[in-house]
Amino acid sequence: APARAEVDALLNRLQTSGCEFNRNGSWYTGADAKAHLLKKLDYMEGKDMVSTAEQFIERGATGSSMSGKPYLVRCAGKAPVESAQWLKAELQQVRAARAASSPR
């Protein structure tokens, strides 16, 4: 599905960004964040809760379903931002890159 391809691209960007991911007050590597978010994605897909990358961001990648705390992303030398903001910006870049590389 197109949504899964976009989400996979997003999570790969998170993994390779060098940024850290905050979940419930602890900082994790991009690789750990990707593994965690993939588990959430698999669960959500099993419940037919995700048909777009935006739905994944809003329903699964914005915060902890256990504590209700927002997830944060912190990149070198910058203040942490909420994961939804970071992921939506990355999604725009994923789509722009795909549009630029698609044959006309």
# chains A, B, ... in the order shown; residues from 1 in each chain; ligands from 1
>>> residues_around(residues="stretch 66-70 of chain A", least_positions_apart="4", cutoff="8 Å", atoms="only C-alpha atoms", output="list of chain:residue names")
A:Arg23, A:Asn24, A:Thr62, A:Glu82, A:Ser83
>>> write_last_selection(atoms="all heavy atoms", output="mmCIF file, in the first residue's frame")
data_model
loop_
_atom_site.group_PDB
_atom_site.id
_atom_site.type_symbol
_atom_site.label_atom_id
_atom_site.label_comp_id
_atom_site.auth_asym_id
_atom_site.auth_seq_id
_atom_site.Cartn_x
_atom_site.Cartn_y
_atom_site.Cartn_z
ATOM 1 N N ARG A 23 10.423 9.144 24.425
ATOM 2 C CA ARG A 23 9.190 8.411 24.695
ATOM 3 C C ARG A 23 9.091 8.230 26.188
ATOM 4 O O ARG A 23 9.977 7.660 26.819
ATOM 5 C CB ARG A 23 9.265 7.058 23.968
ATOM 6 C CG ARG A 23 8.096 6.164 24.172
ATOM 7 C CD ARG A 23 8.094 5.035 23.143
ATOM 8 N NE ARG A 23 9.273 4.202 23.169
ATOM 9 C CZ ARG A 23 9.378 3.037 23.807
ATOM 10 N NH1 ARG A 23 8.375 2.575 24.508
ATOM 11 N NH2 ARG A 23 10.484 2.337 23.753
ATOM 12 N N ASN A 24 8.032 8.782 26.788
ATOM 13 C CA ASN A 24 7.785 8.682 28.228
ATOM 14 C C ASN A 24 8.976 9.139 29.076
ATOM 15 O O ASN A 24 9.313 8.508 30.077
ATOM 16 C CB ASN A 24 7.361 7.262 28.601
ATOM 17 C CG ASN A 24 6.015 6.909 28.001
ATOM 18 O OD1 ASN A 24 5.135 7.752 27.907
ATOM 19 N ND2 ASN A 24 5.857 5.679 27.582
ATOM 20 N N THR A 62 2.363 10.235 17.459
ATOM 21 C CA THR A 62 2.409 11.536 18.135
ATOM 22 C C THR A 62 2.651 11.425 19.626
ATOM 23 O O THR A 62 3.108 12.371 20.242
ATOM 24 C CB THR A 62 1.105 12.328 17.924
ATOM 25 O OG1 THR A 62 0.023 11.536 18.394
ATOM 26 C CG2 THR A 62 0.899 12.681 16.478
ATOM 27 N N GLU A 82 7.825 18.320 18.884
ATOM 28 C CA GLU A 82 6.911 17.186 18.950
ATOM 29 C C GLU A 82 7.071 16.345 17.695
ATOM 30 O O GLU A 82 7.300 16.865 16.600
ATOM 31 C CB GLU A 82 5.476 17.671 19.139
ATOM 32 C CG GLU A 82 5.275 18.267 20.519
ATOM 33 C CD GLU A 82 3.818 18.393 20.937
ATOM 34 O OE1 GLU A 82 2.920 17.992 20.176
ATOM 35 O OE2 GLU A 82 3.603 18.896 22.051
ATOM 36 N N SER A 83 6.967 15.041 17.874
ATOM 37 C CA SER A 83 7.214 14.117 16.767
ATOM 38 C C SER A 83 6.283 14.377 15.587
ATOM 39 O O SER A 83 6.695 14.240 14.435
ATOM 40 C CB SER A 83 7.085 12.667 17.224
ATOM 41 O OG SER A 83 5.770 12.417 17.694
#
>>> residues_around(residues="stretch 94-101 of chain A", least_positions_apart="6", cutoff="10 Å", atoms="only C-alpha atoms", output="PDB file with N, CA and C atoms, in the first residue's frame")
ATOM      1  N   GLU A   6       5.201   5.079   2.338  1.00  0.00           N
ATOM      2  CA  GLU A   6       5.542   6.398   2.883  1.00  0.00           C
ATOM      3  C   GLU A   6       5.961   6.296   4.344  1.00  0.00           C
ATOM      4  N   VAL A   7       5.237   5.501   5.120  1.00  0.00           N
ATOM      5  CA  VAL A   7       5.581   5.351   6.535  1.00  0.00           C
ATOM      6  C   VAL A   7       6.954   4.691   6.664  1.00  0.00           C
ATOM      7  N   ALA A   9       9.396   4.901   4.568  1.00  0.00           N
ATOM      8  CA  ALA A   9      10.372   5.939   4.209  1.00  0.00           C
ATOM      9  C   ALA A   9      10.574   6.915   5.365  1.00  0.00           C
ATOM     10  N   LEU A  10       9.480   7.288   6.019  1.00  0.00           N
ATOM     11  CA  LEU A  10       9.568   8.193   7.177  1.00  0.00           C
ATOM     12  C   LEU A  10      10.398   7.579   8.297  1.00  0.00           C
ATOM     13  N   ARG A  13      14.006   7.532   7.574  1.00  0.00           N
ATOM     14  CA  ARG A  13      14.597   8.860   7.773  1.00  0.00           C
ATOM     15  C   ARG A  13      14.870   9.114   9.254  1.00  0.00           C
ATOM     16  N   LYS A  88       5.713  15.210   9.997  1.00  0.00           N
ATOM     17  CA  LYS A  88       4.967  15.845   8.906  1.00  0.00           C
ATOM     18  C   LYS A  88       5.915  16.596   7.967  1.00  0.00           C
TER      19      LYS A  88
END
>>> select_by_dssp(residues="stretch 6-76 of chain A", states="alpha helix (DSSP H)", output="VMD selection string")
chain A and resid 6 to 16 30 to 46 53 to 60
>>> atom_distance(atom1="atom CA of A:Ser17", atom2="atom CA of A:Asp32")
12.4 Å
>>> closest_residue(among="A:Gly60, A:Pro103, A:Pro80, A:Gly25", to="A:Tyr43", atoms="only C-alpha atoms")
A:Gly60
>>> residues_around(residues="A:Gln85", least_positions_apart="6", cutoff="12 Å", atoms="only C-alpha atoms", output="ChimeraX atom specification")
/A:54,57-58,61-63,70-74,91-92
>>> residues_around(residues="A:Ala3", least_positions_apart="5", cutoff="9 Å", atoms="only C-alpha atoms", output="NGL selection string")
:A and (8 or 50-54 or 56)
>>> atom_distance(atom1="atom CA of A:Leu37", atom2="atom CA of A:Gln15")
10.9 Å
>>> atom_distance(atom1="atom CA of A:Ser64", atom2="atom CA of A:Ala89")
20.3 Å
>>> residues_around(residues="A:Gly77", least_positions_apart="6", cutoff="12 Å", atoms="only C-alpha atoms", output="JSON, numbers by chain")
{"A": [18, 19, 20]}
>>> select_by_dssp(residues="stretch 45-102 of chain A", states="strand (DSSP E)", output="ChimeraX atom specification")
/A:72-74,81-82
>>> write_last_selection(atoms="all heavy atoms", output="PDB file, in the first residue's frame")
ATOM      1  N   LEU A  72       8.778  13.234  21.387  1.00  0.00           N
ATOM      2  CA  LEU A  72       9.601  14.361  20.958  1.00  0.00           C
ATOM      3  C   LEU A  72      10.744  13.852  20.088  1.00  0.00           C
ATOM      4  O   LEU A  72      11.186  12.716  20.242  1.00  0.00           O
ATOM      5  CB  LEU A  72      10.190  15.096  22.166  1.00  0.00           C
ATOM      6  CG  LEU A  72       9.197  15.659  23.181  1.00  0.00           C
ATOM      7  CD1 LEU A  72       9.942  16.201  24.397  1.00  0.00           C
ATOM      8  CD2 LEU A  72       8.340  16.744  22.553  1.00  0.00           C
ATOM      9  N   VAL A  73      11.217  14.718  19.198  1.00  0.00           N
ATOM     10  CA  VAL A  73      12.403  14.429  18.385  1.00  0.00           C
ATOM     11  C   VAL A  73      13.393  15.553  18.640  1.00  0.00           C
ATOM     12  O   VAL A  73      13.043  16.736  18.587  1.00  0.00           O
ATOM     13  CB  VAL A  73      12.053  14.337  16.881  1.00  0.00           C
ATOM     14  CG1 VAL A  73      13.304  14.116  16.047  1.00  0.00           C
ATOM     15  CG2 VAL A  73      11.039  13.220  16.626  1.00  0.00           C
ATOM     16  N   ARG A  74      14.649  15.166  18.929  1.00  0.00           N
ATOM     17  CA  ARG A  74      15.712  16.143  19.213  1.00  0.00           C
ATOM     18  C   ARG A  74      16.870  15.860  18.266  1.00  0.00           C
ATOM     19  O   ARG A  74      17.460  14.781  18.295  1.00  0.00           O
ATOM     20  CB  ARG A  74      16.153  16.002  20.665  1.00  0.00           C
ATOM     21  CG  ARG A  74      17.296  16.914  21.058  1.00  0.00           C
ATOM     22  CD  ARG A  74      17.601  16.835  22.532  1.00  0.00           C
ATOM     23  NE  ARG A  74      18.178  15.535  22.886  1.00  0.00           N
ATOM     24  CZ  ARG A  74      18.392  15.119  24.127  1.00  0.00           C
ATOM     25  NH1 ARG A  74      18.069  15.874  25.149  1.00  0.00           N
ATOM     26  NH2 ARG A  74      18.929  13.932  24.367  1.00  0.00           N
ATOM     27  N   VAL A  81      11.350  18.970  19.301  1.00  0.00           N
ATOM     28  CA  VAL A  81      10.035  19.318  18.748  1.00  0.00           C
ATOM     29  C   VAL A  81       9.130  18.094  18.887  1.00  0.00           C
ATOM     30  O   VAL A  81       9.612  16.962  18.998  1.00  0.00           O
ATOM     31  CB  VAL A  81      10.119  19.748  17.264  1.00  0.00           C
ATOM     32  CG1 VAL A  81      10.935  21.017  17.111  1.00  0.00           C
ATOM     33  CG2 VAL A  81      10.661  18.637  16.391  1.00  0.00           C
ATOM     34  N   GLU A  82       7.825  18.320  18.884  1.00  0.00           N
ATOM     35  CA  GLU A  82       6.911  17.186  18.950  1.00  0.00           C
ATOM     36  C   GLU A  82       7.071  16.345  17.695  1.00  0.00           C
ATOM     37  O   GLU A  82       7.300  16.865  16.600  1.00  0.00           O
ATOM     38  CB  GLU A  82       5.476  17.671  19.139  1.00  0.00           C
ATOM     39  CG  GLU A  82       5.275  18.267  20.519  1.00  0.00           C
ATOM     40  CD  GLU A  82       3.818  18.393  20.937  1.00  0.00           C
ATOM     41  OE1 GLU A  82       2.920  17.992  20.176  1.00  0.00           O
ATOM     42  OE2 GLU A  82       3.603  18.896  22.051  1.00  0.00           O
TER      43      GLU A  82
END
>>> decode(residues="stretch 41-59 of chain A", atoms="N, CA and C atoms", output="PDB file, in the first residue's frame")
ATOM      1  N   LEU A  41       2.684   0.492  14.231  1.00  0.00           N
ATOM      2  CA  LEU A  41       2.120   0.446  12.882  1.00  0.00           C
ATOM      3  C   LEU A  41       1.516  -0.930  12.592  1.00  0.00           C
ATOM      4  N   ASP A  42       2.243  -1.983  12.942  1.00  0.00           N
ATOM      5  CA  ASP A  42       1.728  -3.337  12.705  1.00  0.00           C
ATOM      6  C   ASP A  42       0.410  -3.549  13.445  1.00  0.00           C
ATOM      7  N   TYR A  43       0.340  -3.102  14.688  1.00  0.00           N
ATOM      8  CA  TYR A  43      -0.885  -3.218  15.471  1.00  0.00           C
ATOM      9  C   TYR A  43      -2.021  -2.449  14.796  1.00  0.00           C
ATOM     10  N   MET A  44      -1.735  -1.212  14.387  1.00  0.00           N
ATOM     11  CA  MET A  44      -2.761  -0.374  13.784  1.00  0.00           C
ATOM     12  C   MET A  44      -3.226  -0.932  12.444  1.00  0.00           C
ATOM     13  N   GLU A  45      -2.296  -1.468  11.669  1.00  0.00           N
ATOM     14  CA  GLU A  45      -2.686  -2.072  10.387  1.00  0.00           C
ATOM     15  C   GLU A  45      -3.584  -3.290  10.626  1.00  0.00           C
ATOM     16  N   GLY A  46      -3.281  -4.058  11.655  1.00  0.00           N
ATOM     17  CA  GLY A  46      -4.094  -5.215  11.992  1.00  0.00           C
ATOM     18  C   GLY A  46      -5.513  -4.837  12.374  1.00  0.00           C
ATOM     19  N   LYS A  47      -5.690  -3.624  12.884  1.00  0.00           N
ATOM     20  CA  LYS A  47      -7.014  -3.125  13.268  1.00  0.00           C
ATOM     21  C   LYS A  47      -7.616  -2.250  12.162  1.00  0.00           C
ATOM     22  N   ASP A  48      -6.946  -2.190  11.005  1.00  0.00           N
ATOM     23  CA  ASP A  48      -7.398  -1.390   9.865  1.00  0.00           C
ATOM     24  C   ASP A  48      -7.600   0.078  10.245  1.00  0.00           C
ATOM     25  N   MET A  49      -6.626   0.609  11.005  1.00  0.00           N
ATOM     26  CA  MET A  49      -6.709   1.989  11.497  1.00  0.00           C
ATOM     27  C   MET A  49      -5.888   2.981  10.672  1.00  0.00           C
ATOM     28  N   VAL A  50      -5.140   2.478   9.675  1.00  0.00           N
ATOM     29  CA  VAL A  50      -4.221   3.350   8.941  1.00  0.00           C
ATOM     30  C   VAL A  50      -4.398   3.170   7.440  1.00  0.00           C
ATOM     31  N   SER A  51      -4.823   4.237   6.762  1.00  0.00           N
ATOM     32  CA  SER A  51      -4.869   4.178   5.303  1.00  0.00           C
ATOM     33  C   SER A  51      -4.009   5.265   4.663  1.00  0.00           C
ATOM     34  N   THR A  52      -3.467   6.189   5.486  1.00  0.00           N
ATOM     35  CA  THR A  52      -2.554   7.221   4.980  1.00  0.00           C
ATOM     36  C   THR A  52      -1.412   7.412   5.970  1.00  0.00           C
ATOM     37  N   ALA A  53      -0.327   7.993   5.489  1.00  0.00           N
ATOM     38  CA  ALA A  53       0.802   8.293   6.371  1.00  0.00           C
ATOM     39  C   ALA A  53       0.381   9.304   7.440  1.00  0.00           C
ATOM     40  N   GLU A  54      -0.494  10.242   7.077  1.00  0.00           N
ATOM     41  CA  GLU A  54      -0.969  11.229   8.056  1.00  0.00           C
ATOM     42  C   GLU A  54      -1.722  10.547   9.194  1.00  0.00           C
ATOM     43  N   GLN A  55      -2.534   9.545   8.860  1.00  0.00           N
ATOM     44  CA  GLN A  55      -3.255   8.823   9.911  1.00  0.00           C
ATOM     45  C   GLN A  55      -2.290   8.109  10.848  1.00  0.00           C
ATOM     46  N   PHE A  56      -1.221   7.539  10.287  1.00  0.00           N
ATOM     47  CA  PHE A  56      -0.233   6.898  11.152  1.00  0.00           C
ATOM     48  C   PHE A  56       0.391   7.915  12.093  1.00  0.00           C
ATOM     49  N   ILE A  57       0.774   9.068  11.559  1.00  0.00           N
ATOM     50  CA  ILE A  57       1.388  10.104  12.397  1.00  0.00           C
ATOM     51  C   ILE A  57       0.417  10.517  13.497  1.00  0.00           C
ATOM     52  N   GLU A  58      -0.835  10.821  13.124  1.00  0.00           N
ATOM     53  CA  GLU A  58      -1.803  11.333  14.092  1.00  0.00           C
ATOM     54  C   GLU A  58      -2.207  10.284  15.123  1.00  0.00           C
ATOM     55  N   ARG A  59      -2.403   9.043  14.682  1.00  0.00           N
ATOM     56  CA  ARG A  59      -2.957   8.022  15.564  1.00  0.00           C
ATOM     57  C   ARG A  59      -1.913   7.193  16.297  1.00  0.00           C
TER      58      ARG A  59
END
